[in-house]
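Data block below; observations after.
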Amino acid sequence: MTSKWINGLVSYRARIFFILFILLITSLFFNRSIHVSGSLNGLEATDNEEYIRISRVDSIFGHSDNIYLIVFPKSDDRRVVFKEIDEFQEKLIKRQPDINIISPVTIFKNLQIHSREEINALSEFYAKASDIPILKQLIGRDKRSFVIAISTTKENLEVGHLVNSLLNETEFNQLSIQVLSNLEVQKAVKHQIEKDLGMILISISILFLVFTLMAFRSLLSGVFILAILSIALSSTYLLYGLMKIDFNVVSMIALPVVLILALSDSLHLLAGYKKLHYTSTEENLKQVLQLYYIPSFYSSLTTSIAFFTFYLFGESENIRELGLLASVALLMEFFLIFSVAPFLLSFQPKKGVKDYYLISLAKALKKGKKPITGFFVIVFILSIFIYPKLQFQSNPEAQIPEGSNVKLYYNYFKTNYFSPFNVNILVEPIANQNRGRFKAQVKEISEFIKEMPNVSAVQSATNTYYINTRMGFKVNLYDLLENNNPYFNEETNIYRIEVKLNDVDNTQKFKDSVLKKFASMDYKLDISSRKLLYDSANLAISSSLIKSMATAGIGIFMVLLLLTKSFKTALLSLFPNLFPLALAFLIMYLFDLDLFFSSVITLVIGLGLLDDNTVHIIYRKLWLKKPMDELNFSVLSSSLLLSCGFFMFALSKFEPIRIFGWISVLIFISGVIAEMTTMKWIIDSVINKVKKNKLQ
């Protein structure tokens, strides 16, 4: 069956090439345009308990997912600065009536209505505000700026667009404003994705072209590699449009993965074709397809299975999209490449391959197979004990690209104001009770939290700050806020305590301590934080990816079992694929690196890709019972080239992409070493055992 199919591919190679080429170009012409998205929303599970808690805080106080405007005054005249801000706020409220604005300007108005003090200089206002709890957090510690917090019931991005639009329409003479919002973060992420994706695709293409020209000493060989890579990437781009998936920080991974297998297949075919010396081109083409068609299919199949597990078990929309997209793209890549390759290979000159250095490296690795395998075995055993000690932690700040404008002002905001990852505690009465007594209980909670370690500041409606009124008596500022009070909702009788921690990584520990202290009371505490949301989402996503890794491992084992027809050999052949993952776990432990979605997703992808060389080696040595020959060259060259190419990702200023790059490089290098040592040793042992049995 396979022979007939291969004969057909060779005999009708020109027709197949042009038909597929025309279909691909036509499809791309009518394809939906693909957008680059910086959105990270697809990584959050909206049915997550932490997400529900935060949403409740939003619905009651509208205060947990703010847009922050950092105002830098150019004048010390409070009146002219506040006048410009007041006009801007009025425009904003007119365009979005349900908007909630917490602003020093609004609070100052309330003060001025009742107070006899007249403050005209901003520096004087800053000094006065530092003594007022509710104003203190809105004034920069460096006394160079103040902040306005904006929230609404509408989507943060929609309001972000409105704010940006109004800022562009408004001319400020006495101040400048910088915006911190999800929209600004998404813009920065989008720019970084475009930059990194372009850099990696161009760099890998140039690297592959230069290597091909040096190794195969033919311009046509370079054209062959570029043609194969272009077809693979174009077909994947087509799938983005057909599946209505945009480029984002997760879905973009499909392109380099397809690039990996396309490069591997093209190098195998090119090196194999140039090593054959049959009398006719047709015979050479048939023989090279006989060598590589089946193992390349199994390799694409196992990697496709690994990605399809993302679709089955993924906890987030972005990861499920990646799973479906990549699983289809990898199989499409295989069938397209092996359909067009016979036509493109037929133009290749019969020059030899300059493979001396790589073959020497292969021989050196084979000589050191025992100590290298021993090292990997030790690492694997250690990883069994190390993995449970690795923690699933999130780093929300890593989602903002380094060097971006938004990162610069985020760091300024964190230094001079507060971390956006504060803790909100909702205190809600279980039954109707005396309001005075309930407020006293809230005060008791606030006072206890103030004394806790790791707490830097606590704000609640039980705080008091008295001002002298025009009538000659004192009044509590918090009583003047009425509906603008960010810490008490009159309608629901719910209090909000806002806590700032010195170390947000200990948020869960803080939450557990508070809940334990105030358990079994006649009120309910609901504690939420965006840090807890990110940790919870990261744990759910990473756990699902670990499940995907296990399922992918089973799929790969079944393919190896099919090829080797031996349970023992298939099981042993799985270990060279697991060794690089074990090494990654060890390095994470030694350098105190946490597991989060970008590192785990790379490990799962690595498992799916590592079996490519395994399948080819098993098929060549056990199935065909032939020596490695040119396979040494193509296995080593593709792995080393990919390591160099993916090193470009490691230079990214966006941490999820940078982690993807570093772990990919580690997996490719350690993976090829394991294949060329341990894998060969296993296969040679199987062959020698078969020979020994025959002699007996």
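Labels for the structure tokens follow display order: chains A, B, ..., residues from 1 in each chain, ligands from 1.
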
>> Write out as a ChimeraX atom specification the set of residues from range 59-92 of chain A that DSSP, computed on the backbone, places in strand (DSSP E or B).
In response: /A:67-73,77

> Got a sec: who's within 12 Å of Ile70 in chain A, counting only C-alpha atoms, leaving out chain neighbours fewer than 6 positions off, as a PyMOL selection string?
Replying inline: chain A and resi 85+103-104+138-140+144-150+175-181+406+409-410+412-414+416-417

> Separation of CA of Asn424 in chain A and CA of Asp526 in chain A, in Å?
Replying inline: 8.1 Å

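The closest residue to Asn66 in chain A, picked from A:Ile618, A:Phe82, A:Ile34, A:Ile101 and counting only C-alpha atoms, is A:Ile101.
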
Got a sec: who's within 10 Å of Val514 in chain A, counting only C-alpha atoms, leaving out chain neighbours fewer than 3 positions off, as a PDB file with all heavy atoms, in the first residue's frame?
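Okay, this is what ended up in part18.pdb:
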ATOM      1  N   ILE A 425     -10.800  42.378  51.296  1.00  0.00           N
ATOM      2  CA  ILE A 425     -11.562  41.541  52.227  1.00  0.00           C
ATOM      3  C   ILE A 425     -12.973  42.120  52.342  1.00  0.00           C
ATOM      4  O   ILE A 425     -13.145  43.252  52.804  1.00  0.00           O
ATOM      5  CB  ILE A 425     -10.898  41.496  53.618  1.00  0.00           C
ATOM      6  CG1 ILE A 425      -9.456  41.001  53.508  1.00  0.00           C
ATOM      7  CG2 ILE A 425     -11.702  40.607  54.567  1.00  0.00           C
ATOM      8  CD1 ILE A 425      -8.694  41.038  54.815  1.00  0.00           C
ATOM      9  N   ILE A 445     -11.300  43.470  63.104  1.00  0.00           N
ATOM     10  CA  ILE A 445     -10.586  42.746  62.040  1.00  0.00           C
ATOM     11  C   ILE A 445      -9.460  43.613  61.483  1.00  0.00           C
ATOM     12  O   ILE A 445      -8.319  43.154  61.314  1.00  0.00           O
ATOM     13  CB  ILE A 445     -11.558  42.336  60.914  1.00  0.00           C
ATOM     14  CG1 ILE A 445     -12.636  41.398  61.446  1.00  0.00           C
ATOM     15  CG2 ILE A 445     -10.794  41.666  59.766  1.00  0.00           C
ATOM     16  CD1 ILE A 445     -13.780  41.157  60.467  1.00  0.00           C
ATOM     17  N   PHE A 448      -6.515  43.906  63.881  1.00  0.00           N
ATOM     18  CA  PHE A 448      -5.740  42.663  63.940  1.00  0.00           C
ATOM     19  C   PHE A 448      -4.815  42.557  62.722  1.00  0.00           C
ATOM     20  O   PHE A 448      -3.634  42.195  62.852  1.00  0.00           O
ATOM     21  CB  PHE A 448      -6.680  41.459  63.988  1.00  0.00           C
ATOM     22  CG  PHE A 448      -5.978  40.127  63.872  1.00  0.00           C
ATOM     23  CD1 PHE A 448      -5.344  39.549  64.963  1.00  0.00           C
ATOM     24  CD2 PHE A 448      -5.911  39.463  62.646  1.00  0.00           C
ATOM     25  CE1 PHE A 448      -4.675  38.335  64.855  1.00  0.00           C
ATOM     26  CE2 PHE A 448      -5.252  38.249  62.517  1.00  0.00           C
ATOM     27  CZ  PHE A 448      -4.629  37.682  63.627  1.00  0.00           C
ATOM     28  N   ILE A 449      -5.354  42.861  61.550  1.00  0.00           N
ATOM     29  CA  ILE A 449      -4.571  42.744  60.310  1.00  0.00           C
ATOM     30  C   ILE A 449      -3.388  43.717  60.317  1.00  0.00           C
ATOM     31  O   ILE A 449      -2.296  43.390  59.829  1.00  0.00           O
ATOM     32  CB  ILE A 449      -5.479  42.985  59.082  1.00  0.00           C
ATOM     33  CG1 ILE A 449      -6.473  41.833  58.941  1.00  0.00           C
ATOM     34  CG2 ILE A 449      -4.660  43.127  57.804  1.00  0.00           C
ATOM     35  CD1 ILE A 449      -7.533  42.045  57.879  1.00  0.00           C
ATOM     36  N   MET A 452      -0.340  42.205  61.747  1.00  0.00           N
ATOM     37  CA  MET A 452       0.188  40.983  61.135  1.00  0.00           C
ATOM     38  C   MET A 452       1.511  41.258  60.416  1.00  0.00           C
ATOM     39  O   MET A 452       1.712  42.345  59.861  1.00  0.00           O
ATOM     40  CB  MET A 452      -0.825  40.396  60.133  1.00  0.00           C
ATOM     41  CG  MET A 452      -2.081  39.829  60.770  1.00  0.00           C
ATOM     42  SD  MET A 452      -3.226  39.153  59.539  1.00  0.00           S
ATOM     43  CE  MET A 452      -2.302  37.716  58.965  1.00  0.00           C
ATOM     44  N   LYS A 509      -0.852  32.647  52.211  1.00  0.00           N
ATOM     45  CA  LYS A 509      -0.553  32.446  53.633  1.00  0.00           C
ATOM     46  C   LYS A 509      -1.296  33.477  54.477  1.00  0.00           C
ATOM     47  O   LYS A 509      -1.854  33.156  55.545  1.00  0.00           O
ATOM     48  CB  LYS A 509       0.952  32.553  53.858  1.00  0.00           C
ATOM     49  CG  LYS A 509       1.402  32.286  55.279  1.00  0.00           C
ATOM     50  CD  LYS A 509       2.915  32.375  55.405  1.00  0.00           C
ATOM     51  CE  LYS A 509       3.361  32.140  56.845  1.00  0.00           C
ATOM     52  NZ  LYS A 509       4.847  32.248  56.974  1.00  0.00           N
ATOM     53  N   PHE A 510      -1.317  34.720  54.004  1.00  0.00           N
ATOM     54  CA  PHE A 510      -2.046  35.787  54.703  1.00  0.00           C
ATOM     55  C   PHE A 510      -3.532  35.448  54.763  1.00  0.00           C
ATOM     56  O   PHE A 510      -4.176  35.570  55.815  1.00  0.00           O
ATOM     57  CB  PHE A 510      -1.823  37.116  53.982  1.00  0.00           C
ATOM     58  CG  PHE A 510      -2.773  38.202  54.397  1.00  0.00           C
ATOM     59  CD1 PHE A 510      -2.555  38.939  55.546  1.00  0.00           C
ATOM     60  CD2 PHE A 510      -3.913  38.471  53.644  1.00  0.00           C
ATOM     61  CE1 PHE A 510      -3.452  39.928  55.951  1.00  0.00           C
ATOM     62  CE2 PHE A 510      -4.812  39.453  54.027  1.00  0.00           C
ATOM     63  CZ  PHE A 510      -4.584  40.184  55.183  1.00  0.00           C
ATOM     64  N   LYS A 511      -4.092  35.027  53.648  1.00  0.00           N
ATOM     65  CA  LYS A 511      -5.519  34.695  53.585  1.00  0.00           C
ATOM     66  C   LYS A 511      -5.862  33.578  54.567  1.00  0.00           C
ATOM     67  O   LYS A 511      -6.858  33.672  55.311  1.00  0.00           O
ATOM     68  CB  LYS A 511      -5.889  34.273  52.159  1.00  0.00           C
ATOM     69  CG  LYS A 511      -7.336  33.832  52.010  1.00  0.00           C
ATOM     70  CD  LYS A 511      -7.642  33.422  50.568  1.00  0.00           C
ATOM     71  CE  LYS A 511      -9.075  32.921  50.438  1.00  0.00           C
ATOM     72  NZ  LYS A 511      -9.398  32.557  49.026  1.00  0.00           N
ATOM     73  N   LYS A 517      -8.269  32.880  61.972  1.00  0.00           N
ATOM     74  CA  LYS A 517      -8.480  33.716  63.156  1.00  0.00           C
ATOM     75  C   LYS A 517      -9.952  34.063  63.344  1.00  0.00           C
ATOM     76  O   LYS A 517     -10.478  34.068  64.468  1.00  0.00           O
ATOM     77  CB  LYS A 517      -7.644  34.997  63.022  1.00  0.00           C
ATOM     78  CG  LYS A 517      -7.930  36.064  64.058  1.00  0.00           C
ATOM     79  CD  LYS A 517      -7.548  35.626  65.462  1.00  0.00           C
ATOM     80  CE  LYS A 517      -7.815  36.746  66.470  1.00  0.00           C
ATOM     81  NZ  LYS A 517      -7.517  36.310  67.854  1.00  0.00           N
ATOM     82  N   PHE A 518     -10.656  34.349  62.250  1.00  0.00           N
ATOM     83  CA  PHE A 518     -12.036  34.828  62.358  1.00  0.00           C
ATOM     84  C   PHE A 518     -13.045  33.805  61.847  1.00  0.00           C
ATOM     85  O   PHE A 518     -14.060  34.143  61.241  1.00  0.00           O
ATOM     86  CB  PHE A 518     -12.192  36.153  61.596  1.00  0.00           C
ATOM     87  CG  PHE A 518     -11.351  37.258  62.165  1.00  0.00           C
ATOM     88  CD1 PHE A 518     -10.150  37.606  61.569  1.00  0.00           C
ATOM     89  CD2 PHE A 518     -11.745  37.926  63.312  1.00  0.00           C
ATOM     90  CE1 PHE A 518      -9.363  38.620  62.093  1.00  0.00           C
ATOM     91  CE2 PHE A 518     -10.963  38.939  63.851  1.00  0.00           C
ATOM     92  CZ  PHE A 518      -9.767  39.289  63.245  1.00  0.00           C
ATOM     93  N   ALA A 519     -12.780  32.549  62.094  1.00  0.00           N
ATOM     94  CA  ALA A 519     -13.731  31.487  61.738  1.00  0.00           C
ATOM     95  C   ALA A 519     -14.880  31.458  62.752  1.00  0.00           C
ATOM     96  O   ALA A 519     -14.745  31.906  63.901  1.00  0.00           O
ATOM     97  CB  ALA A 519     -13.014  30.140  61.709  1.00  0.00           C
ATOM     98  N   LEU A 525     -16.374  36.386  55.819  1.00  0.00           N
ATOM     99  CA  LEU A 525     -15.229  37.030  55.179  1.00  0.00           C
ATOM    100  C   LEU A 525     -15.010  36.420  53.795  1.00  0.00           C
ATOM    101  O   LEU A 525     -14.994  35.199  53.643  1.00  0.00           O
ATOM    102  CB  LEU A 525     -13.955  36.838  56.010  1.00  0.00           C
ATOM    103  CG  LEU A 525     -13.916  37.457  57.413  1.00  0.00           C
ATOM    104  CD1 LEU A 525     -12.553  37.232  58.040  1.00  0.00           C
ATOM    105  CD2 LEU A 525     -14.228  38.936  57.357  1.00  0.00           C
ATOM    106  N   ILE A 527     -12.191  36.805  50.876  1.00  0.00           N
ATOM    107  CA  ILE A 527     -10.885  37.406  50.598  1.00  0.00           C
ATOM    108  C   ILE A 527     -10.487  37.129  49.156  1.00  0.00           C
ATOM    109  O   ILE A 527     -10.506  35.990  48.695  1.00  0.00           O
ATOM    110  CB  ILE A 527      -9.819  36.851  51.565  1.00  0.00           C
ATOM    111  CG1 ILE A 527     -10.244  37.115  53.008  1.00  0.00           C
ATOM    112  CG2 ILE A 527      -8.460  37.471  51.279  1.00  0.00           C
ATOM    113  CD1 ILE A 527      -9.303  36.541  54.053  1.00  0.00           C
TER     114      ILE A 527
END

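One distance worth recording is that between CA of Asn100 in chain A and CA of Leu122 in chain A, which is 24.1 Å.
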